[in-house]
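Working notes, structure below.
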2 protein chains.
Amino acid sequence: MTRFAFAIAARDGAARSGTICMRRGDIRTPAFMPVGTAATVKAMKPEAVAASGADILLGNTYHLMLRPGAERVARLGGLHRFMNWDRPILTDSGGYQVMSLGDLTRKTEEGVRFKSHLDGSAHMLTPERSMEVQRLLGADIVMAFDECTPFPATEQQAADSMERSMRWAARSRVGFDCGEAHAERAALFGIQQGSMFERLRQRSTNALLEIGFDGYAIGGLAVGEGHDAMCGVLDYATSMLPADRPRYLMGVGKPDDLVEAVRRGIDMFDCVLPTRSGRTGQAFTADGPINIRNARFAEDREPLEPGCECPTCAHYSRGYVHHLVRAGEILGAMLMTEHNLCFYQRLLQGLRDAIREQRFDAHAAAFLDRYRRGSKA
Amino acid sequence: MTRFAFAIAARDGAARSGTICMRRGDIRTPAFMPVGTAATVKAMKPEAVAASGADILLGNTYHLMLRPGAERVARLGGLHRFMNWDRPILTDSGGYQVMSLGDLTRKTEEGVRFKSHLDGSAHMLTPERSMEVQRLLGADIVMAFDECTPFPATEQQAADSMERSMRWAARSRVGFDCGEAHAERAALFGIQQGSMFERLRQRSTNALLEIGFDGYAIGGLAVGEGHDAMCGVLDYATSMLPADRPRYLMGVGKPDDLVEAVRRGIDMFDCVLPTRSGRTGQAFTADGPINIRNARFAEDREPLEPGCECPTCAHYSRGYVHHLVRAGEILGAMLMTEHNLCFYQRLLQGLRDAIREQRFDAHAAAFLDRYRRGSKA
């Protein structure tokens, strides 16, 4: 069985479409990974996540190490068996969430000491421990432990943060390789940092390439810089990364973010937006997002998105979903989330098809024009 | 098409098993109806409710008339289309919930004036309005509007309440029949009241029989009287009702309640217990209920109920469900509810099989012995 291979089947400009082959299954790229924070894609059964077209999920190291605990998941047979998902899983390193959610007590070269946001218990995350946790979970794609540089940052702050992340990346590589049995089956990705500074992104890339990884992520974006600034960084940051390795833009994003990132050569995404929006009443459509709680949908017989073939749109009206969401019914979150995940997968499938048919620019222009016009309406 | 027919295929003692035939499908009896309060069986997709073995759902007139409103449901094509359930639906009359949930402002011979528990808006429920609401919803089985006599009640209080319910039953019959197009497709059930008093139950039955209904319900039980007192009433109250009509014990109940009621000749049940328990962490098993939040399940690799073939037990461990429920994950409510509904339907299927095979007493004894022994453990 292939541990990890990436085959690019087509290119259109900088955009590419291909397949990542792993033991647990193939991942069609560009790929969108739904987020399964606490060993569940919220409000979804895994078979419905798979049916939406997801080839791979993301799991959160920070959440899982605190509850139910990585050792416990390992004793219960690993994350795949625990949550009944047999396709690939990518786990993040915990670095981002420990800094945004944890109560930091000490950040040193060694790692991060913090208190759980759940019960105040004391924990330590280091590159070595992050690798161990991701190994215990049984991740197929492991992310190097890094620091997501806060935004905005001065060039000096960004450089210091990035340099530490690169030292942690080297320790992650060693830590990952030490888990031999797991390393034979899993892949390790490094994460480029450098905030909004091109020369830092280049230095970060050089450091990562020297260590060597199966794939490369772009970190430190989608942190408040806005769509245009993000595209500005992607203009140079993506092409620095090796062309023959998957490029993963972490934590992104909105539909138009995805289109612009794919245009610049990104292969993988994760974001809580479709799932979280599903629980708060925002449905994505080709004509922009709609808030289903709006009174104008109360007697609307149309599906969430006319023409959509997802299970929600096949069977339920906006009027019904409006009622469920307003009434706080669990089924409202279930139906909305399922539609949104299907919307995202359909968006990615459209991008993949367009790349393979050499019509990416026209497809992207048509999508963005309709989506943005609808968003303003 | 048959509007309404009830065929008893087998009897074993007072217990009976048969089929209610209606336009939208057959209902195997004894039947358990999951409760779809607000046009959704909470945390369940309707196809999963059907797959659990439910032939019919219960909808709540009180909840639906307040939100989204009966007229709105009618404009959206009726309750079946609204909630994507094409099998029969029974709606209650609203009488029970208006008195337990509504802010009563005036109760007269005419009906009940109350304020919505949702927004304080003023409403009136009368036998005529209850029939209209149930017609607007498009119910297959309509319940007469009555008063669920509070417990405990003196014989005089119970008599006064029952007599009013019987006058309301007569007005319900007229109101139902006035909706001609609906009355040609739907069935109307009367509700026996009389609290714990045999002679009142008999007088109530006589009044109902004089009016004439498609089926007969027993109301005013499961209101705090306890299992033994309920069985004591059922000992006489069930056999008063016509043998050739379905007998429906409203709002009941626990697994052992169902077994004892079937033993006495009850054909239909509804209860929120399996769904509500599913959301609070109680799973039903043949060895009694378990609270999945209990720490002893944290690393339990067994399914909720070993041997159960429901979708939850087929794919998930107690350890996983424990984690989900503890973490407040929606999927926890989904998996627990699905198991509990499957448990109830399997319980009813077991009773139906035992009746048809003339081994009800042995089956009931074995079930109750194991269930009660497990409950004490």
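Here's how to read the names in the structure tokens: chain A, B, ... by the order shown, residue numbers from 1 in each chain, ligand numbers from 1 in the order shown.
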Any idea which chain A residues end up within 9 Å of chain B if we count only C-alpha atoms, as a PDB file with C-alpha atoms, in the first residue's frame please?
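Now in out_16.pdb:
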```
ATOM      1  CA  ALA A  38     -14.151  16.653  19.093  1.00  0.00           C
ATOM      2  CA  ALA A  39     -14.159  13.398  17.115  1.00  0.00           C
ATOM      3  CA  THR A  40     -17.383  14.392  15.368  1.00  0.00           C
ATOM      4  CA  VAL A  41     -18.248  16.690  12.506  1.00  0.00           C
ATOM      5  CA  LYS A  42     -20.873  18.493  14.526  1.00  0.00           C
ATOM      6  CA  ALA A  43     -24.482  17.449  13.820  1.00  0.00           C
ATOM      7  CA  MET A  44     -23.423  14.950  11.137  1.00  0.00           C
ATOM      8  CA  LYS A  45     -23.177  11.200  10.968  1.00  0.00           C
ATOM      9  CA  ARG A  67     -11.380  15.374  26.016  1.00  0.00           C
ATOM     10  CA  PRO A  68     -11.537  12.401  25.789  1.00  0.00           C
ATOM     11  CA  ARG A  72      -8.043   7.062  25.853  1.00  0.00           C
ATOM     12  CA  VAL A  73      -8.720   7.329  22.127  1.00  0.00           C
ATOM     13  CA  ARG A  75      -7.076   2.484  24.030  1.00  0.00           C
ATOM     14  CA  LEU A  76     -10.420   2.604  22.213  1.00  0.00           C
ATOM     15  CA  GLY A  77      -8.731   1.693  18.939  1.00  0.00           C
ATOM     16  CA  ARG A  81     -12.538   3.447  14.899  1.00  0.00           C
ATOM     17  CA  PHE A  82     -13.681   5.718  17.743  1.00  0.00           C
ATOM     18  CA  MET A  83     -15.658   7.998  15.416  1.00  0.00           C
ATOM     19  CA  ASN A  84     -16.493   5.432  12.714  1.00  0.00           C
ATOM     20  CA  ALA A 298     -41.135  31.523   6.808  1.00  0.00           C
ATOM     21  CA  GLU A 299     -43.437  30.363   3.997  1.00  0.00           C
ATOM     22  CA  ASP A 300     -40.866  29.756   1.302  1.00  0.00           C
ATOM     23  CA  ARG A 301     -41.500  26.424  -0.423  1.00  0.00           C
ATOM     24  CA  HIS A 315     -36.694  16.890   0.797  1.00  0.00           C
ATOM     25  CA  TYR A 316     -37.162  20.113   2.772  1.00  0.00           C
ATOM     26  CA  SER A 317     -38.344  23.650   2.156  1.00  0.00           C
ATOM     27  CA  GLY A 319     -40.009  27.343   5.354  1.00  0.00           C
ATOM     28  CA  TYR A 320     -39.436  24.087   7.231  1.00  0.00           C
ATOM     29  CA  HIS A 323     -39.106  26.788  11.503  1.00  0.00           C
ATOM     30  CA  LEU A 324     -36.592  24.248  12.824  1.00  0.00           C
ATOM     31  CA  ALA A 327     -37.394  26.616  17.263  1.00  0.00           C
ATOM     32  CA  GLU A 329     -34.472  22.045  16.875  1.00  0.00           C
ATOM     33  CA  ILE A 330     -31.452  19.760  16.478  1.00  0.00           C
ATOM     34  CA  LEU A 331     -32.738  18.701  13.068  1.00  0.00           C
ATOM     35  CA  GLY A 332     -32.304  22.295  11.923  1.00  0.00           C
ATOM     36  CA  ALA A 333     -28.579  22.130  12.641  1.00  0.00           C
ATOM     37  CA  MET A 334     -28.422  18.696  11.004  1.00  0.00           C
ATOM     38  CA  LEU A 335     -30.118  19.756   7.765  1.00  0.00           C
TER      39      LEU A 335
END
```
Given identical sequences, can you show me chain A least-squares superposed on chain B via all its Cα atoms in order, as a short mmCIF file (atom, residue, chain, number, x, y, z; two decimals) with C-alpha atoms, in the first residue's frame?
```cif
data_model
loop_
_atom_site.label_atom_id
_atom_site.label_comp_id
_atom_site.auth_asym_id
_atom_site.auth_seq_id
_atom_site.Cartn_x
_atom_site.Cartn_y
_atom_site.Cartn_z
CA MET A 1 -58.34 3.33 -0.54
CA THR A 2 -59.32 2.39 2.98
CA ARG A 3 -59.98 5.39 5.19
CA PHE A 4 -59.65 3.39 8.38
CA ALA A 5 -59.85 -0.31 9.17
CA PHE A 6 -58.62 -2.33 12.10
CA ALA A 7 -58.01 -6.05 11.70
CA ILE A 8 -56.99 -8.13 14.70
CA ALA A 9 -54.84 -11.01 13.51
CA ALA A 10 -54.18 -12.72 16.82
CA ARG A 11 -55.15 -12.67 20.49
CA ASP A 12 -53.35 -14.09 23.49
CA GLY A 13 -55.37 -13.53 26.63
CA ALA A 14 -56.49 -9.92 26.51
CA ALA A 15 -53.51 -8.96 24.37
CA ARG A 16 -54.07 -8.53 20.66
CA SER A 17 -52.00 -7.90 17.58
CA GLY A 18 -53.27 -6.63 14.28
CA THR A 19 -53.10 -3.90 11.68
CA ILE A 20 -54.69 -0.50 11.29
CA CYS A 21 -55.04 0.21 7.59
CA MET A 22 -55.08 3.82 6.44
CA ARG A 23 -54.49 5.65 3.19
CA ARG A 24 -50.93 6.59 4.09
CA GLY A 25 -49.96 3.13 5.26
CA ASP A 26 -50.50 0.28 7.65
CA ILE A 27 -49.86 0.50 11.37
CA ARG A 28 -48.82 -2.72 13.04
CA THR A 29 -50.32 -3.05 16.50
CA PRO A 30 -49.48 -2.92 19.31
CA ALA A 31 -47.78 0.23 17.97
CA PHE A 32 -45.44 2.74 19.53
CA MET A 33 -45.65 6.26 18.09
CA PRO A 34 -42.54 8.43 18.44
CA VAL A 35 -43.39 12.01 19.35
CA GLY A 36 -42.63 14.67 16.75
CA THR A 37 -43.51 17.64 18.90
CA ALA A 38 -42.60 20.56 16.69
CA ALA A 39 -42.82 18.82 13.31
CA THR A 40 -39.65 16.87 14.04
CA VAL A 41 -38.82 13.82 16.09
CA LYS A 42 -36.03 15.59 17.90
CA ALA A 43 -32.50 14.80 16.65
CA MET A 44 -33.79 12.35 14.02
CA LYS A 45 -34.21 12.45 10.29
CA PRO A 46 -37.58 11.04 9.28
CA GLU A 47 -36.01 8.28 7.19
CA ALA A 48 -34.21 7.06 10.31
CA VAL A 49 -37.47 7.18 12.28
CA ALA A 50 -39.07 5.04 9.58
CA ALA A 51 -36.09 2.69 9.53
CA SER A 52 -36.45 2.20 13.28
CA GLY A 53 -39.79 0.56 12.56
CA ALA A 54 -42.22 3.38 13.32
CA ASP A 55 -45.38 3.16 11.23
CA ILE A 56 -46.90 6.37 12.61
CA LEU A 57 -45.79 9.54 14.39
CA LEU A 58 -47.51 11.79 16.88
CA GLY A 59 -47.61 15.55 16.35
CA ASN A 60 -48.55 18.08 19.03
CA THR A 61 -51.39 20.41 18.17
CA TYR A 62 -50.47 22.87 20.93
CA HIS A 63 -46.87 23.27 19.81
CA LEU A 64 -47.65 23.39 16.10
CA MET A 65 -50.50 25.90 16.40
CA LEU A 66 -48.15 28.28 18.19
CA ARG A 67 -45.09 27.67 16.02
CA PRO A 68 -45.08 27.65 13.03
CA GLY A 69 -48.89 27.91 13.15
CA ALA A 70 -51.47 25.54 11.67
CA GLU A 71 -52.45 27.90 8.85
CA ARG A 72 -48.79 28.24 7.88
CA VAL A 73 -48.28 24.48 7.86
CA ALA A 74 -51.39 24.18 5.68
CA ARG A 75 -50.04 26.79 3.24
CA LEU A 76 -46.78 24.82 3.08
CA GLY A 77 -48.66 21.70 2.03
CA GLY A 78 -49.59 20.11 5.36
CA LEU A 79 -47.59 18.48 8.10
CA HIS A 80 -46.55 15.40 6.11
CA ARG A 81 -44.98 17.38 3.32
CA PHE A 82 -43.61 20.01 5.73
CA MET A 83 -41.64 17.44 7.75
CA ASN A 84 -41.05 14.89 4.97
CA TRP A 85 -43.00 12.03 6.56
CA ASP A 86 -45.40 10.20 4.27
CA ARG A 87 -46.74 7.61 6.72
CA PRO A 88 -49.69 8.26 9.04
CA ILE A 89 -49.57 11.00 11.66
CA LEU A 90 -51.75 11.20 14.76
CA THR A 91 -52.17 14.61 16.30
CA ASP A 92 -53.23 15.15 19.87
CA SER A 93 -55.93 17.71 20.61
CA GLY A 94 -53.79 20.26 22.40
CA GLY A 95 -55.86 19.79 25.53
CA TYR A 96 -53.11 18.25 27.61
CA GLN A 97 -50.36 20.72 26.77
CA VAL A 98 -52.46 23.84 26.88
CA MET A 99 -53.08 23.01 30.52
CA SER A 100 -49.53 21.94 31.37
CA LEU A 101 -47.55 24.47 29.33
CA GLY A 102 -49.87 27.36 28.45
CA ASP A 103 -50.55 30.31 30.69
CA LEU A 104 -54.29 29.73 31.20
CA THR A 105 -56.30 32.87 31.30
CA ARG A 106 -59.80 31.40 31.24
CA LYS A 107 -61.30 27.91 31.13
CA THR A 108 -65.01 27.75 30.36
CA GLU A 109 -67.52 25.42 28.82
CA GLU A 110 -66.62 27.04 25.51
CA GLY A 111 -62.94 26.12 25.73
CA VAL A 112 -59.61 27.36 26.99
CA ARG A 113 -58.17 30.82 26.57
CA PHE A 114 -54.40 30.94 27.11
CA LYS A 115 -51.18 32.73 26.41
CA SER A 116 -48.39 31.11 24.42
CA HIS A 117 -45.41 29.95 26.48
CA LEU A 118 -43.26 31.17 23.59
CA ASP A 119 -44.24 34.79 23.16
CA GLY A 120 -47.23 35.48 25.42
CA SER A 121 -49.60 35.86 22.47
CA ALA A 122 -53.29 35.16 23.22
CA HIS A 123 -54.98 32.05 21.83
CA MET A 124 -58.19 30.09 22.26
CA LEU A 125 -58.62 26.34 21.99
CA THR A 126 -62.09 24.88 21.74
CA PRO A 127 -63.22 21.50 20.43
CA GLU A 128 -64.06 23.21 17.13
CA ARG A 129 -60.72 25.00 16.88
CA SER A 130 -58.81 21.86 17.83
CA MET A 131 -60.57 19.99 15.00
CA GLU A 132 -59.76 22.84 12.63
CA VAL A 133 -56.09 22.89 13.63
CA GLN A 134 -55.75 19.14 13.23
CA ARG A 135 -57.46 19.40 9.85
CA LEU A 136 -55.10 22.18 8.76
CA LEU A 137 -52.16 20.04 9.82
CA GLY A 138 -53.61 17.18 7.77
CA ALA A 139 -53.60 14.60 10.57
CA ASP A 140 -54.53 11.04 9.70
CA ILE A 141 -55.80 10.32 13.19
CA VAL A 142 -57.43 13.23 15.00
CA MET A 143 -57.95 13.22 18.76
CA ALA A 144 -61.07 14.68 20.37
CA PHE A 145 -60.46 17.80 22.44
CA ASP A 146 -60.62 16.98 26.12
CA GLU A 147 -59.34 17.86 29.53
CA CYS A 148 -56.74 15.57 31.06
CA THR A 149 -58.13 15.39 34.61
CA PRO A 150 -55.44 16.47 37.07
CA PHE A 151 -54.19 13.84 39.50
CA PRO A 152 -55.12 13.33 42.23
CA ALA A 153 -58.77 14.33 41.94
CA THR A 154 -61.78 13.69 44.15
CA GLU A 155 -64.54 11.68 42.55
CA GLN A 156 -66.61 14.83 42.17
CA GLN A 157 -63.74 16.71 40.50
CA ALA A 158 -63.06 13.75 38.24
CA ALA A 159 -66.75 13.46 37.34
CA ASP A 160 -67.10 17.16 36.50
CA SER A 161 -63.96 17.10 34.40
CA MET A 162 -64.95 13.89 32.61
CA GLU A 163 -68.47 15.16 31.89
CA ARG A 164 -67.09 18.30 30.31
CA SER A 165 -64.69 16.20 28.24
CA MET A 166 -67.62 14.13 27.03
CA ARG A 167 -69.53 17.28 25.98
CA TRP A 168 -66.35 18.41 24.23
CA ALA A 169 -66.06 14.98 22.60
CA ALA A 170 -69.53 15.42 21.09
CA ARG A 171 -68.56 18.87 19.78
CA SER A 172 -65.30 17.40 18.46
CA ARG A 173 -67.27 14.80 16.51
CA VAL A 174 -69.41 17.52 14.91
CA GLY A 175 -66.41 19.72 14.24
CA PHE A 176 -64.47 16.87 12.68
CA ASP A 177 -67.38 15.81 10.47
CA CYS A 178 -67.83 19.38 9.24
CA GLY A 179 -64.44 19.21 7.54
CA GLU A 180 -65.83 16.86 4.95
CA ALA A 181 -62.89 16.43 2.62
CA HIS A 182 -60.59 15.75 5.55
CA ALA A 183 -63.10 13.54 7.36
CA GLU A 184 -63.23 11.31 4.30
CA ARG A 185 -59.55 10.56 4.69
CA ALA A 186 -58.92 10.80 8.42
CA ALA A 187 -60.09 9.02 11.58
CA LEU A 188 -61.34 10.49 14.84
CA PHE A 189 -60.59 8.99 18.26
CA GLY A 190 -62.48 9.68 21.47
CA ILE A 191 -60.76 9.77 24.85
CA GLN A 192 -62.02 8.01 27.95
CA GLN A 193 -61.51 9.94 31.19
CA GLY A 194 -62.59 9.31 34.79
CA SER A 195 -59.33 9.38 36.72
CA MET A 196 -59.01 6.41 39.11
CA PHE A 197 -62.77 5.76 39.36
CA GLU A 198 -64.15 2.71 37.62
CA ARG A 199 -67.72 3.96 37.44
CA LEU A 200 -66.60 7.23 35.91
CA ARG A 201 -64.52 5.35 33.33
CA GLN A 202 -67.66 3.36 32.51
CA ARG A 203 -69.84 6.47 32.23
CA SER A 204 -67.19 8.07 30.04
CA THR A 205 -67.08 4.99 27.83
CA ASN A 206 -70.85 4.97 27.49
CA ALA A 207 -70.83 8.61 26.44
CA LEU A 208 -68.11 8.01 23.85
CA LEU A 209 -69.87 4.97 22.43
CA GLU A 210 -73.03 6.96 22.03
CA ILE A 211 -71.13 9.52 19.95
CA GLY A 212 -69.17 6.89 18.05
CA PHE A 213 -65.47 7.04 17.13
CA ASP A 214 -63.00 5.16 14.97
CA GLY A 215 -60.83 4.37 17.95
CA TYR A 216 -60.76 4.97 21.68
CA ALA A 217 -58.02 6.35 23.86
CA ILE A 218 -57.51 6.08 27.58
CA GLY A 219 -56.60 9.48 28.96
CA GLY A 220 -55.71 10.76 32.38
CA LEU A 221 -53.08 8.11 33.15
CA ALA A 222 -49.29 8.45 33.40
CA VAL A 223 -49.95 11.59 35.39
CA GLY A 224 -48.16 10.58 38.57
CA GLU A 225 -50.30 7.69 39.77
CA GLY A 226 -47.47 5.16 39.38
CA HIS A 227 -47.14 1.86 37.54
CA ASP A 228 -49.31 -0.26 39.84
CA ALA A 229 -52.18 2.22 40.04
CA MET A 230 -52.08 2.61 36.28
CA CYS A 231 -52.27 -1.15 35.81
CA GLY A 232 -55.15 -1.21 38.27
CA VAL A 233 -57.12 1.22 36.13
CA LEU A 234 -56.20 -0.61 32.92
CA ASP A 235 -57.51 -3.84 34.45
CA TYR A 236 -61.05 -2.54 34.03
CA ALA A 237 -60.78 0.50 31.75
CA THR A 238 -59.40 -1.32 28.72
CA SER A 239 -62.01 -4.05 28.57
CA MET A 240 -64.80 -1.45 28.65
CA LEU A 241 -63.72 -0.22 25.23
CA PRO A 242 -65.04 -1.94 22.11
CA ALA A 243 -62.98 -4.99 21.26
CA ASP A 244 -63.03 -4.30 17.52
CA ARG A 245 -61.60 -0.78 17.75
CA PRO A 246 -58.01 0.34 18.42
CA ARG A 247 -57.31 1.27 22.02
CA TYR A 248 -54.71 3.93 22.60
CA LEU A 249 -53.09 4.57 25.97
CA MET A 250 -51.96 8.18 25.81
CA GLY A 251 -48.54 9.35 26.97
CA VAL A 252 -47.32 5.93 28.15
CA GLY A 253 -44.60 5.09 28.82
CA LYS A 254 -41.77 3.08 30.30
CA PRO A 255 -40.95 -0.32 28.79
CA ASP A 256 -42.62 -2.20 31.64
CA ASP A 257 -45.69 0.04 31.40
CA LEU A 258 -46.02 -0.92 27.74
CA VAL A 259 -45.75 -4.63 28.42
CA GLU A 260 -48.43 -4.51 31.11
CA ALA A 261 -50.72 -2.35 29.00
CA VAL A 262 -50.41 -4.66 25.98
CA ARG A 263 -51.21 -7.56 28.30
CA ARG A 264 -54.48 -5.78 29.13
CA GLY A 265 -55.42 -5.13 25.50
CA ILE A 266 -53.88 -1.79 24.55
CA ASP A 267 -53.00 -1.32 20.86
CA MET A 268 -51.27 2.05 20.63
CA PHE A 269 -48.85 4.16 22.64
CA ASP A 270 -46.98 7.42 22.45
CA CYS A 271 -44.34 8.76 24.78
CA VAL A 272 -41.44 11.21 24.74
CA LEU A 273 -39.39 8.90 26.94
CA PRO A 274 -37.12 7.31 24.30
CA THR A 275 -36.43 10.63 22.57
CA ARG A 276 -36.12 12.80 25.67
CA SER A 277 -33.99 10.20 27.45
CA GLY A 278 -31.79 10.06 24.39
CA ARG A 279 -30.99 13.73 24.81
CA THR A 280 -30.24 13.44 28.51
CA GLY A 281 -27.97 10.41 28.35
CA GLN A 282 -30.29 7.54 29.27
CA ALA A 283 -30.10 4.54 26.95
CA PHE A 284 -32.64 1.74 27.14
CA THR A 285 -31.39 -1.83 27.09
CA ALA A 286 -32.91 -5.23 27.69
CA ASP A 287 -31.04 -5.14 31.00
CA GLY A 288 -32.62 -1.87 32.07
CA PRO A 289 -31.68 1.72 31.34
CA ILE A 290 -28.09 2.94 31.62
CA ASN A 291 -26.85 6.49 32.06
CA ILE A 292 -24.15 6.77 29.43
CA ARG A 293 -22.62 9.78 31.21
CA ASN A 294 -21.47 7.46 33.98
CA ALA A 295 -17.67 7.35 34.24
CA ARG A 296 -17.67 3.56 34.04
CA PHE A 297 -18.52 3.81 30.33
CA ALA A 298 -15.60 6.09 29.42
CA GLU A 299 -13.49 3.27 27.96
CA ASP A 300 -16.21 0.74 27.30
CA ARG A 301 -15.80 -0.77 23.83
CA GLU A 302 -19.21 -2.45 23.86
CA PRO A 303 -22.15 -0.91 22.01
CA LEU A 304 -24.89 0.80 24.03
CA GLU A 305 -26.74 -2.51 24.13
CA PRO A 306 -24.77 -5.62 23.20
CA GLY A 307 -26.67 -7.59 20.59
CA CYS A 308 -28.72 -4.62 19.40
CA GLU A 309 -28.70 -4.24 15.63
CA CYS A 310 -29.57 -0.55 15.48
CA PRO A 311 -27.31 1.81 13.49
CA THR A 312 -25.83 3.22 16.70
CA CYS A 313 -24.94 -0.13 18.19
CA ALA A 314 -23.60 -1.39 14.86
CA HIS A 315 -20.95 1.32 14.63
CA TYR A 316 -20.25 3.04 17.96
CA SER A 317 -18.95 2.13 21.39
CA ARG A 318 -20.31 3.22 24.73
CA GLY A 319 -16.98 4.98 25.21
CA TYR A 320 -17.60 7.11 22.12
CA VAL A 321 -21.21 7.93 22.97
CA HIS A 322 -20.13 8.72 26.55
CA HIS A 323 -17.61 11.19 25.11
CA LEU A 324 -20.17 12.80 22.79
CA VAL A 325 -22.82 13.19 25.48
CA ARG A 326 -20.35 14.54 28.00
CA ALA A 327 -19.06 17.02 25.42
CA GLY A 328 -22.59 18.15 24.60
CA GLU A 329 -22.19 17.08 20.97
CA ILE A 330 -25.32 16.98 18.81
CA LEU A 331 -24.24 13.60 17.46
CA GLY A 332 -24.58 12.22 20.98
CA ALA A 333 -28.27 13.11 21.04
CA MET A 334 -28.65 11.73 17.51
CA LEU A 335 -27.06 8.36 18.27
CA MET A 336 -28.76 7.94 21.65
CA THR A 337 -32.18 8.85 20.29
CA GLU A 338 -31.83 6.48 17.37
CA HIS A 339 -30.90 3.62 19.66
CA ASN A 340 -33.77 4.33 22.04
CA LEU A 341 -36.34 4.51 19.26
CA CYS A 342 -35.03 1.23 17.85
CA PHE A 343 -35.21 -0.30 21.33
CA TYR A 344 -38.85 0.71 21.65
CA GLN A 345 -39.76 -0.59 18.21
CA ARG A 346 -37.94 -3.84 18.90
CA LEU A 347 -39.83 -4.14 22.18
CA LEU A 348 -43.15 -3.71 20.35
CA GLN A 349 -42.11 -6.12 17.61
CA GLY A 350 -41.30 -8.68 20.28
CA LEU A 351 -44.73 -8.22 21.84
CA ARG A 352 -46.45 -8.53 18.46
CA ASP A 353 -44.55 -11.70 17.66
CA ALA A 354 -45.28 -13.20 21.06
CA ILE A 355 -48.99 -12.53 20.72
CA ARG A 356 -49.11 -14.08 17.28
CA GLU A 357 -47.22 -17.10 18.54
CA GLN A 358 -49.40 -17.45 21.64
CA ARG A 359 -46.54 -17.03 24.09
CA PHE A 360 -47.20 -13.56 25.42
CA ASP A 361 -47.04 -14.43 29.13
CA ALA A 362 -43.73 -16.23 28.89
CA HIS A 363 -42.26 -13.52 26.69
CA ALA A 364 -43.46 -10.75 29.00
CA ALA A 365 -42.19 -12.55 32.09
CA ALA A 366 -38.75 -13.06 30.57
CA PHE A 367 -38.55 -9.48 29.37
CA LEU A 368 -39.72 -7.97 32.65
CA ASP A 369 -37.51 -10.20 34.77
CA ARG A 370 -34.39 -9.26 32.85
CA TYR A 371 -35.32 -5.59 32.48
CA ARG A 372 -36.19 -5.12 36.15
CA ARG A 373 -33.24 -7.11 37.42
CA GLY A 374 -30.94 -4.96 35.28
CA SER A 375 -32.65 -1.78 36.44
CA LYS A 376 -31.81 -2.59 40.04
CA ALA A 377 -28.19 -3.51 39.30
#
```
Once DSSP has gone over the backbone, tell me which residues of range 132-367 of chain B are in strand (DSSP E), as a PDB file with C-alpha atoms, in the first residue's frame.
```
ATOM      1  CA  ILE B 141     -55.777  10.316  13.214  1.00  0.00           C
ATOM      2  CA  VAL B 142     -57.405  13.224  15.011  1.00  0.00           C
ATOM      3  CA  MET B 143     -57.931  13.226  18.766  1.00  0.00           C
ATOM      4  CA  ALA B 187     -60.071   9.023  11.591  1.00  0.00           C
ATOM      5  CA  LEU B 188     -61.320  10.479  14.868  1.00  0.00           C
ATOM      6  CA  PHE B 189     -60.576   8.980  18.262  1.00  0.00           C
ATOM      7  CA  GLY B 190     -62.469   9.681  21.475  1.00  0.00           C
ATOM      8  CA  ILE B 191     -60.756   9.765  24.855  1.00  0.00           C
ATOM      9  CA  GLN B 192     -62.008   7.999  27.953  1.00  0.00           C
ATOM     10  CA  GLY B 215     -60.818   4.386  17.958  1.00  0.00           C
ATOM     11  CA  TYR B 216     -60.752   4.973  21.682  1.00  0.00           C
ATOM     12  CA  ALA B 217     -58.021   6.344  23.855  1.00  0.00           C
ATOM     13  CA  ILE B 218     -57.491   6.083  27.573  1.00  0.00           C
ATOM     14  CA  ARG B 247     -57.307   1.261  22.029  1.00  0.00           C
ATOM     15  CA  TYR B 248     -54.697   3.928  22.587  1.00  0.00           C
ATOM     16  CA  LEU B 249     -53.074   4.573  25.970  1.00  0.00           C
ATOM     17  CA  MET B 268     -51.252   2.053  20.628  1.00  0.00           C
ATOM     18  CA  PHE B 269     -48.825   4.160  22.646  1.00  0.00           C
ATOM     19  CA  ASP B 270     -46.959   7.422  22.439  1.00  0.00           C
ATOM     20  CA  GLN B 282     -30.278   7.538  29.261  1.00  0.00           C
ATOM     21  CA  ALA B 283     -30.086   4.537  26.944  1.00  0.00           C
ATOM     22  CA  ILE B 290     -28.086   2.924  31.607  1.00  0.00           C
ATOM     23  CA  ASN B 291     -26.836   6.468  32.046  1.00  0.00           C
TER      24      ASN B 291
END
```
Which of range 159-335 of chain B fall in helix (DSSP H, G or I), as a PyMOL selection string: chain B and resi 159-178+180-183+198-211+227-240+255-263+273-280+295-297+311-315+318-326+330-335
